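The next block is run-v3.csv, given as CSV, C-alpha atoms.
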chain,number,residue,atom,x,y,z
A,1,MET,CA,132.4,153.0,115.3
A,2,PHE,CA,128.7,152.2,115.4
A,3,GLU,CA,127.7,148.7,114.1
A,4,VAL,CA,124.4,146.9,114.4
A,5,TRP,CA,124.4,143.3,113.4
A,6,GLY,CA,121.3,141.2,112.7
A,7,VAL,CA,121.2,137.7,114.2
A,8,THR,CA,118.9,135.4,112.4
A,9,GLY,CA,118.2,131.7,112.0
A,10,VAL,CA,115.2,129.4,111.7
A,11,ILE,CA,113.2,128.4,114.8
A,12,GLY,CA,115.0,126.0,117.0
A,13,SER,CA,118.4,127.1,116.0
A,14,GLY,CA,119.1,128.9,119.2
A,15,LYS,CA,118.9,132.6,118.4
A,16,SER,CA,117.5,133.5,121.8
A,17,THR,CA,120.3,131.6,123.5
A,18,ALA,CA,122.8,133.5,121.5
A,19,MET,CA,121.2,136.9,122.4
A,20,LYS,CA,121.1,135.9,126.0
A,21,LEU,CA,124.9,135.4,125.8
A,22,VAL,CA,125.4,138.7,123.9
A,23,ASN,CA,123.5,140.5,126.7
A,24,GLU,CA,125.5,138.8,129.4
A,25,LEU,CA,128.6,140.1,127.6
A,26,GLY,CA,127.3,143.6,128.0
A,27,TYR,CA,126.1,144.4,124.5
A,28,PRO,CA,122.6,145.8,123.8
A,29,CYS,CA,120.2,143.7,121.8
A,30,ILE,CA,116.6,143.8,120.8
A,31,ASP,CA,114.3,141.0,119.6
A,32,ALA,CA,112.4,141.9,116.4
A,33,ASP,CA,110.0,139.1,117.1
A,34,GLN,CA,109.2,140.6,120.5
A,35,VAL,CA,108.8,144.0,118.8
A,36,SER,CA,106.2,142.4,116.6
A,37,ARG,CA,104.2,141.8,119.7
A,38,ILE,CA,104.6,145.3,121.0
A,39,VAL,CA,103.5,147.0,117.9
A,40,VAL,CA,100.1,145.1,117.9
A,41,ASP,CA,99.4,145.3,121.6
A,42,LYS,CA,96.3,147.4,122.0
A,43,LYS,CA,97.2,148.1,125.6
A,44,ARG,CA,100.3,150.0,124.5
A,45,GLU,CA,100.3,153.3,122.7
A,46,GLU,CA,102.7,152.1,120.1
A,47,GLY,CA,100.5,149.0,119.5
A,48,LYS,CA,97.1,150.5,118.9
A,49,LYS,CA,97.6,151.2,115.2
A,50,GLY,CA,98.9,147.8,114.5
A,51,PHE,CA,96.1,146.1,116.4
A,52,ALA,CA,93.5,148.1,114.5
A,53,LEU,CA,95.1,147.2,111.1
A,54,ILE,CA,95.1,143.5,111.9
A,55,TYR,CA,91.5,143.5,113.2
A,56,LYS,CA,90.5,145.3,110.0
A,57,ALA,CA,92.3,142.8,107.8
A,58,PHE,CA,91.3,139.5,109.6
A,59,GLY,CA,88.3,140.3,111.8
A,60,SER,CA,87.3,138.8,115.1
A,61,GLU,CA,88.6,135.3,114.1
A,62,VAL,CA,92.0,136.2,115.3
A,63,LEU,CA,90.9,137.6,118.7
A,64,ASN,CA,90.5,135.8,122.0
A,65,ASN,CA,87.7,136.1,124.5
A,66,LEU,CA,89.3,139.2,126.0
A,67,GLY,CA,89.3,140.9,122.6
A,68,GLU,CA,93.1,140.7,122.3
A,69,LEU,CA,95.1,139.0,119.6
A,70,ASP,CA,95.0,135.3,119.7
A,71,ARG,CA,98.5,134.6,118.5
A,72,PRO,CA,98.2,130.8,118.2
A,73,ALA,CA,95.0,131.3,116.1
A,74,LEU,CA,96.8,133.9,114.0
A,75,ARG,CA,99.8,131.6,113.5
A,76,LYS,CA,97.7,128.7,112.3
A,77,ARG,CA,95.9,131.0,109.9
A,78,MET,CA,99.2,132.2,108.4
A,79,MET,CA,100.4,128.6,108.0
A,80,ARG,CA,97.2,127.7,106.1
A,81,ASN,CA,97.1,130.7,103.8
A,82,PRO,CA,100.3,132.2,102.3
A,83,ASP,CA,98.2,135.2,101.1
A,84,ASP,CA,97.2,136.0,104.6
A,85,ARG,CA,100.8,135.8,105.7
A,86,LYS,CA,101.7,138.4,103.1
A,87,VAL,CA,99.0,140.7,104.3
A,88,LEU,CA,100.1,140.3,107.9
A,89,GLU,CA,103.8,141.0,107.0
A,90,SER,CA,102.7,144.1,105.0
A,91,ILE,CA,101.2,145.4,108.3
A,92,LEU,CA,103.9,144.3,110.7
A,93,HIS,CA,107.1,145.1,108.8
A,94,PRO,CA,106.8,148.9,108.6
A,95,LEU,CA,105.7,149.1,112.2
A,96,ILE,CA,108.7,147.0,113.4
A,97,LEU,CA,111.1,149.0,111.2
A,98,GLU,CA,109.8,152.2,112.7
A,99,TYR,CA,110.2,151.0,116.2
A,100,ILE,CA,113.7,149.5,115.8
A,101,THR,CA,114.9,152.5,113.9
A,102,LYS,CA,114.1,154.6,116.9
A,103,VAL,CA,116.0,152.2,119.2
A,104,MET,CA,119.0,152.3,116.9
A,105,THR,CA,119.0,156.1,117.0
A,106,GLU,CA,119.0,155.9,120.8
A,107,TRP,CA,121.9,153.5,120.7
A,108,LYS,CA,124.0,155.7,118.5
A,109,SER,CA,123.2,158.8,120.5
A,110,SER,CA,124.3,157.1,123.7
A,111,GLY,CA,127.7,156.1,122.3
A,112,THR,CA,127.0,152.5,121.7
A,113,LYS,CA,129.7,150.9,119.5
A,114,LEU,CA,128.2,147.5,118.9
A,115,ALA,CA,124.7,146.2,119.1
A,116,PHE,CA,122.5,143.3,117.9
A,117,ILE,CA,119.0,142.7,116.5
A,118,GLU,CA,117.5,139.3,116.6
A,119,GLY,CA,114.8,138.2,114.1
A,120,THR,CA,113.7,135.4,111.9
A,121,ARG,CA,112.7,137.6,109.0
A,122,LEU,CA,115.3,140.3,108.9
A,123,ILE,CA,116.2,139.3,105.3
A,124,GLU,CA,112.7,138.8,103.9
A,125,SER,CA,111.6,142.2,105.3
A,126,ASN,CA,114.8,143.8,103.7
A,127,PHE,CA,115.7,145.2,107.1
A,128,HIS,CA,119.1,143.6,106.8
A,129,ASN,CA,120.0,146.3,104.3
A,130,MET,CA,120.1,148.8,107.1
A,131,LEU,CA,122.4,146.7,109.2
A,132,SER,CA,126.2,146.2,109.3
A,133,GLY,CA,125.7,142.6,108.4
A,134,ILE,CA,123.9,139.4,109.3
A,135,VAL,CA,125.0,136.5,111.5
A,136,VAL,CA,123.1,133.2,111.1
A,137,VAL,CA,122.7,130.8,114.0
A,138,THR,CA,122.6,127.2,112.8
A,139,ALA,CA,121.9,123.7,114.2
A,140,SER,CA,121.3,120.3,112.8
A,141,GLU,CA,117.7,119.5,111.6
A,142,ALA,CA,117.3,116.8,114.3
A,143,LEU,CA,118.4,119.1,117.0
A,144,LYS,CA,116.1,121.9,115.9
A,145,ILE,CA,113.1,119.5,115.8
A,146,LYS,CA,114.0,118.2,119.3
A,147,ARG,CA,114.2,121.7,120.8
A,148,LEU,CA,110.9,122.8,119.3
A,149,MET,CA,109.0,119.7,120.4
A,150,LYS,CA,110.3,120.2,123.9
A,151,ARG,CA,110.0,124.0,124.1
A,152,ASP,CA,106.7,124.6,122.4
A,153,SER,CA,105.0,121.2,122.9
A,154,MET,CA,104.6,121.0,119.1
A,155,GLY,CA,104.0,117.8,117.2
A,156,ARG,CA,106.5,116.7,114.6
A,157,ASP,CA,104.2,117.5,111.7
A,158,GLU,CA,103.7,121.1,113.0
A,159,VAL,CA,107.4,121.5,113.5
A,160,PHE,CA,108.1,120.5,109.9
A,161,GLN,CA,105.5,122.9,108.7
A,162,MET,CA,107.0,125.7,110.7
A,163,LEU,CA,110.5,125.0,109.5
A,164,GLN,CA,109.4,124.9,105.8
A,165,LEU,CA,108.1,128.5,106.2
A,166,GLN,CA,111.6,129.7,106.9
A,167,ASN,CA,114.3,130.0,104.3
A,168,GLU,CA,117.6,128.9,105.9
A,169,ILE,CA,119.3,128.7,102.5
A,170,LEU,CA,118.7,132.4,102.0
A,171,MET,CA,119.8,133.2,105.5
A,172,LYS,CA,123.1,131.4,104.9
A,173,ARG,CA,123.6,133.0,101.5
A,174,ILE,CA,123.1,136.6,102.9
A,175,ALA,CA,124.9,136.1,106.2
A,176,LYS,CA,128.5,137.2,106.6
A,177,HIS,CA,129.1,135.0,109.7
A,178,GLU,CA,127.8,131.8,111.2
A,179,TRP,CA,127.5,130.8,114.9
A,180,LYS,CA,127.0,127.0,115.2
A,181,ASN,CA,124.8,126.1,118.1
A,182,GLU,CA,125.3,122.3,118.1
A,183,SER,CA,126.6,121.7,121.6
A,184,SER,CA,127.1,123.7,124.8
A,185,GLU,CA,126.5,127.3,125.6
A,186,ALA,CA,130.2,127.6,126.4
A,187,VAL,CA,131.1,126.7,122.8
A,188,LEU,CA,128.5,129.2,121.4
A,189,LYS,CA,129.7,131.9,123.8
A,190,LYS,CA,133.3,131.5,122.5
A,191,GLN,CA,132.2,132.0,118.9
A,192,ILE,CA,130.3,135.2,120.0
A,193,GLN,CA,133.3,136.5,121.9
A,194,ASP,CA,135.6,135.9,118.9
A,195,PHE,CA,133.2,137.7,116.7
A,196,ILE,CA,133.0,140.7,119.0
A,197,ALA,CA,136.7,140.8,119.4
A,198,LYS,CA,137.2,140.9,115.6
A,199,ARG,CA,134.6,143.7,115.2
A,200,LEU,CA,136.3,145.8,117.9
A,201,GLU,CA,139.7,145.1,116.4
A,202,SER,CA,138.5,146.3,113.0
A,203,GLU,CA,137.7,149.7,114.7
A,204,LYS,CA,141.4,150.0,115.8
A,205,LYS,CA,142.6,149.3,112.3
A,206,ALA,CA,140.2,151.8,110.7

Output the structure of this file as structure tokens.
Amino acid sequence: MFEVWGVTGVIGSGKSTAMKLVNELGYPCIDADQVSRIVVDKKREEGKKGFALIYKAFGSEVLNNLGELDRPALRKRMMRNPDDRKVLESILHPLILEYITKVMTEWKSSGTKLAFIEGTRLIESNFHNMLSGIVVVTASEALKIKRLMKRDSMGRDEVFQMLQLQNEILMKRIAKHEWKNESSEAVLKKQIQDFIAKRLESEKKA
């Protein structure tokens, strides 16, 4: 058995909390959004190519005073211009795919049976087609807004704008399982434990 499940959900749903619990349960996981930072970090060997491509596409407008990517400035530009967002994704997605594919190969070689990849755009990038399936983490709209305003110090209008950029309907349609993150971590953890138990049980029946 070797299964890698994608864990997705819109911002504020609690994907990171779910992955923290997965990690505590002893299962390897990787954050595709964090990988997106690695592959454009000019200080890292695996990030030099991505940094150069973004600089070529968008120029110094998306750099800070240190000559590094200004991620808040880049995010605001993507929110203003959908065409720029498509250009950025055309740069990032192949680099992220290459990086994560290497990690998955390492997992399989080491005898890992079950692992997880977290990301907000696993479906839009078609990366989900390489995975065993998708789990979507969900929460009420009010709870997502509250979390984002507290966590990222974002205004309500900016939160709404960010949420509108992400397609939760598509996530739910593609996902094979749902983890509801509406209350305590203990409740979420129980859902994750049940999911893992079922995946391991399916191996015994195979």

Restrict the calculation to only C-alpha atoms, then for each residue of region 69-178 of chain A with any atom at most 12 Å from an atom of region 13-22 of chain A give the closest atom pair and their distance in Å to one decimal, rows by chain and rising residue number, as a Markdown table.
| residue | atom | partner | partner_atom | distance |
| --- | --- | --- | --- | --- |
| A:Leu114 | CA | A:Val22 | CA | 10.5 |
| A:Ala115 | CA | A:Val22 | CA | 8.9 |
| A:Phe116 | CA | A:Met19 | CA | 7.9 |
| A:Ile117 | CA | A:Met19 | CA | 8.6 |
| A:Glu118 | CA | A:Lys15 | CA | 7.1 |
| A:Gly119 | CA | A:Lys15 | CA | 8.2 |
| A:Thr120 | CA | A:Lys15 | CA | 8.8 |
| A:Val135 | CA | A:Lys15 | CA | 10.0 |
| A:Val136 | CA | A:Lys15 | CA | 8.4 |
| A:Val137 | CA | A:Ser13 | CA | 6.0 |
| A:Thr138 | CA | A:Ser13 | CA | 5.3 |
| A:Ala139 | CA | A:Ser13 | CA | 5.2 |
| A:Ser140 | CA | A:Ser13 | CA | 8.1 |
| A:Glu141 | CA | A:Ser13 | CA | 8.8 |
| A:Ala142 | CA | A:Ser13 | CA | 10.5 |
| A:Leu143 | CA | A:Ser13 | CA | 8.1 |
| A:Lys144 | CA | A:Ser13 | CA | 5.7 |
| A:Ile145 | CA | A:Ser13 | CA | 9.3 |
| A:Lys146 | CA | A:Ser13 | CA | 10.5 |
| A:Arg147 | CA | A:Ser13 | CA | 8.4 |
| A:Leu148 | CA | A:Ser13 | CA | 9.3 |
| A:Arg151 | CA | A:Gly14 | CA | 11.4 |
| A:Leu163 | CA | A:Ser13 | CA | 10.4 |
| A:Gln166 | CA | A:Ser13 | CA | 11.7 |
| A:Glu168 | CA | A:Ser13 | CA | 10.3 |
| A:Glu178 | CA | A:Lys15 | CA | 11.5 |

Expected residue set, 10 Å radius at (97.5, 135.3, 107.8), all atoms listed in the file, as a list in words: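 All residues meeting the 10 Å criterion around (97.5, 135.3, 107.8) are Ile54, Ala57, Phe58, Val62, Ala73, Leu74, Arg75, Lys76, Arg77, Met78, Met79, Arg80, Asn81, Pro82, Asp83, Asp84, Arg85, Lys86, Val87, Leu88 and Glu89 of chain A.
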
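Minimum atom-to-atom distances from A:Val7, A:Val40, A:Ile169, A:Ile91 to Asp70 (chain A) were compared using only C-alpha atoms, and the lowest value belongs to A:Val40.
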
So that I can check the surroundings of Ile38 (chain A), please list as an mmCIF file with C-alpha atoms, in the frame of the given file every protein, DNA and RNA residue that reaches within 6 Å of it, counting all atoms listed in the file and ignoring chain neighbours fewer than 3 positions away.
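Contents of the output file part21.cif:
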data_model
loop_
_atom_site.group_PDB
_atom_site.id
_atom_site.type_symbol
_atom_site.label_atom_id
_atom_site.label_comp_id
_atom_site.auth_asym_id
_atom_site.auth_seq_id
_atom_site.Cartn_x
_atom_site.Cartn_y
_atom_site.Cartn_z
ATOM 1 C CA VAL A 35 108.800 144.000 118.800
ATOM 2 C CA ASP A 41 99.400 145.300 121.600
ATOM 3 C CA GLY A 47 100.500 149.000 119.500
#

Of the listed residues A:Ser36, A:Asn64, A:Gln164, A:Asn129, that which approaches Pro94 (chain A) most closely, counting all atoms listed in the file: A:Ser36

Atomic distance CA of Ser184 (chain A) - CA of Glu24 (chain A), expressed in Å with one decimal: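 Taking CA of Ser184 (chain A) as the start and CA of Glu24 (chain A) as the end point, the length is 15.9 Å.
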
Close residues, region 126-128 of chain A itself excluded, 8 Å, all atoms listed in the file, min 5 positions apart in chain, as a list in words: Gly6, Leu97, Gly133 and Ile134 of chain A

Option closest in space to Gly12 (chain A), from A:Glu182, A:Glu68, A:Glu61, A:Asp33 [counting only C-alpha atoms]: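 Smallest distance to Gly12 (chain A) is found for A:Glu182.
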
Point-to-point distance in Å for CA of Glu124 (chain A) and CA of Leu25 (chain A):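 Separation between CA of Leu25 (chain A) and CA of Glu124 (chain A): 28.6 Å.
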
Nearest-residue call for Trp107 (chain A), choices A:Phe195, A:Trp179, A:Tyr27, A:Phe160, using only C-alpha atoms: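 Comparing A:Phe195, A:Trp179, A:Tyr27, A:Phe160 against Trp107 (chain A), the winner is A:Tyr27.
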
Selection near Lys42 (chain A), 10 Å with all atoms listed in the file, sequence-local residues under 6 positions removed, as a count of residues only: 8

Distance criterion (all atoms listed in the file): nearest to Glu98 (chain A) out of A:Asp194, A:Asp31, A:Glu46, A:Glu3: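 Closest residue, counting all atoms listed in the file: A:Glu46.
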
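Note that CA of Lys113 (chain A) and CA of Gly26 (chain A) are 11.5 Å apart.
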
Residue with smallest distance to Met171 (chain A) - pool A:Ile30, A:Ile11, A:Leu122, A:Gln193, counting all atoms listed in the file: A:Leu122
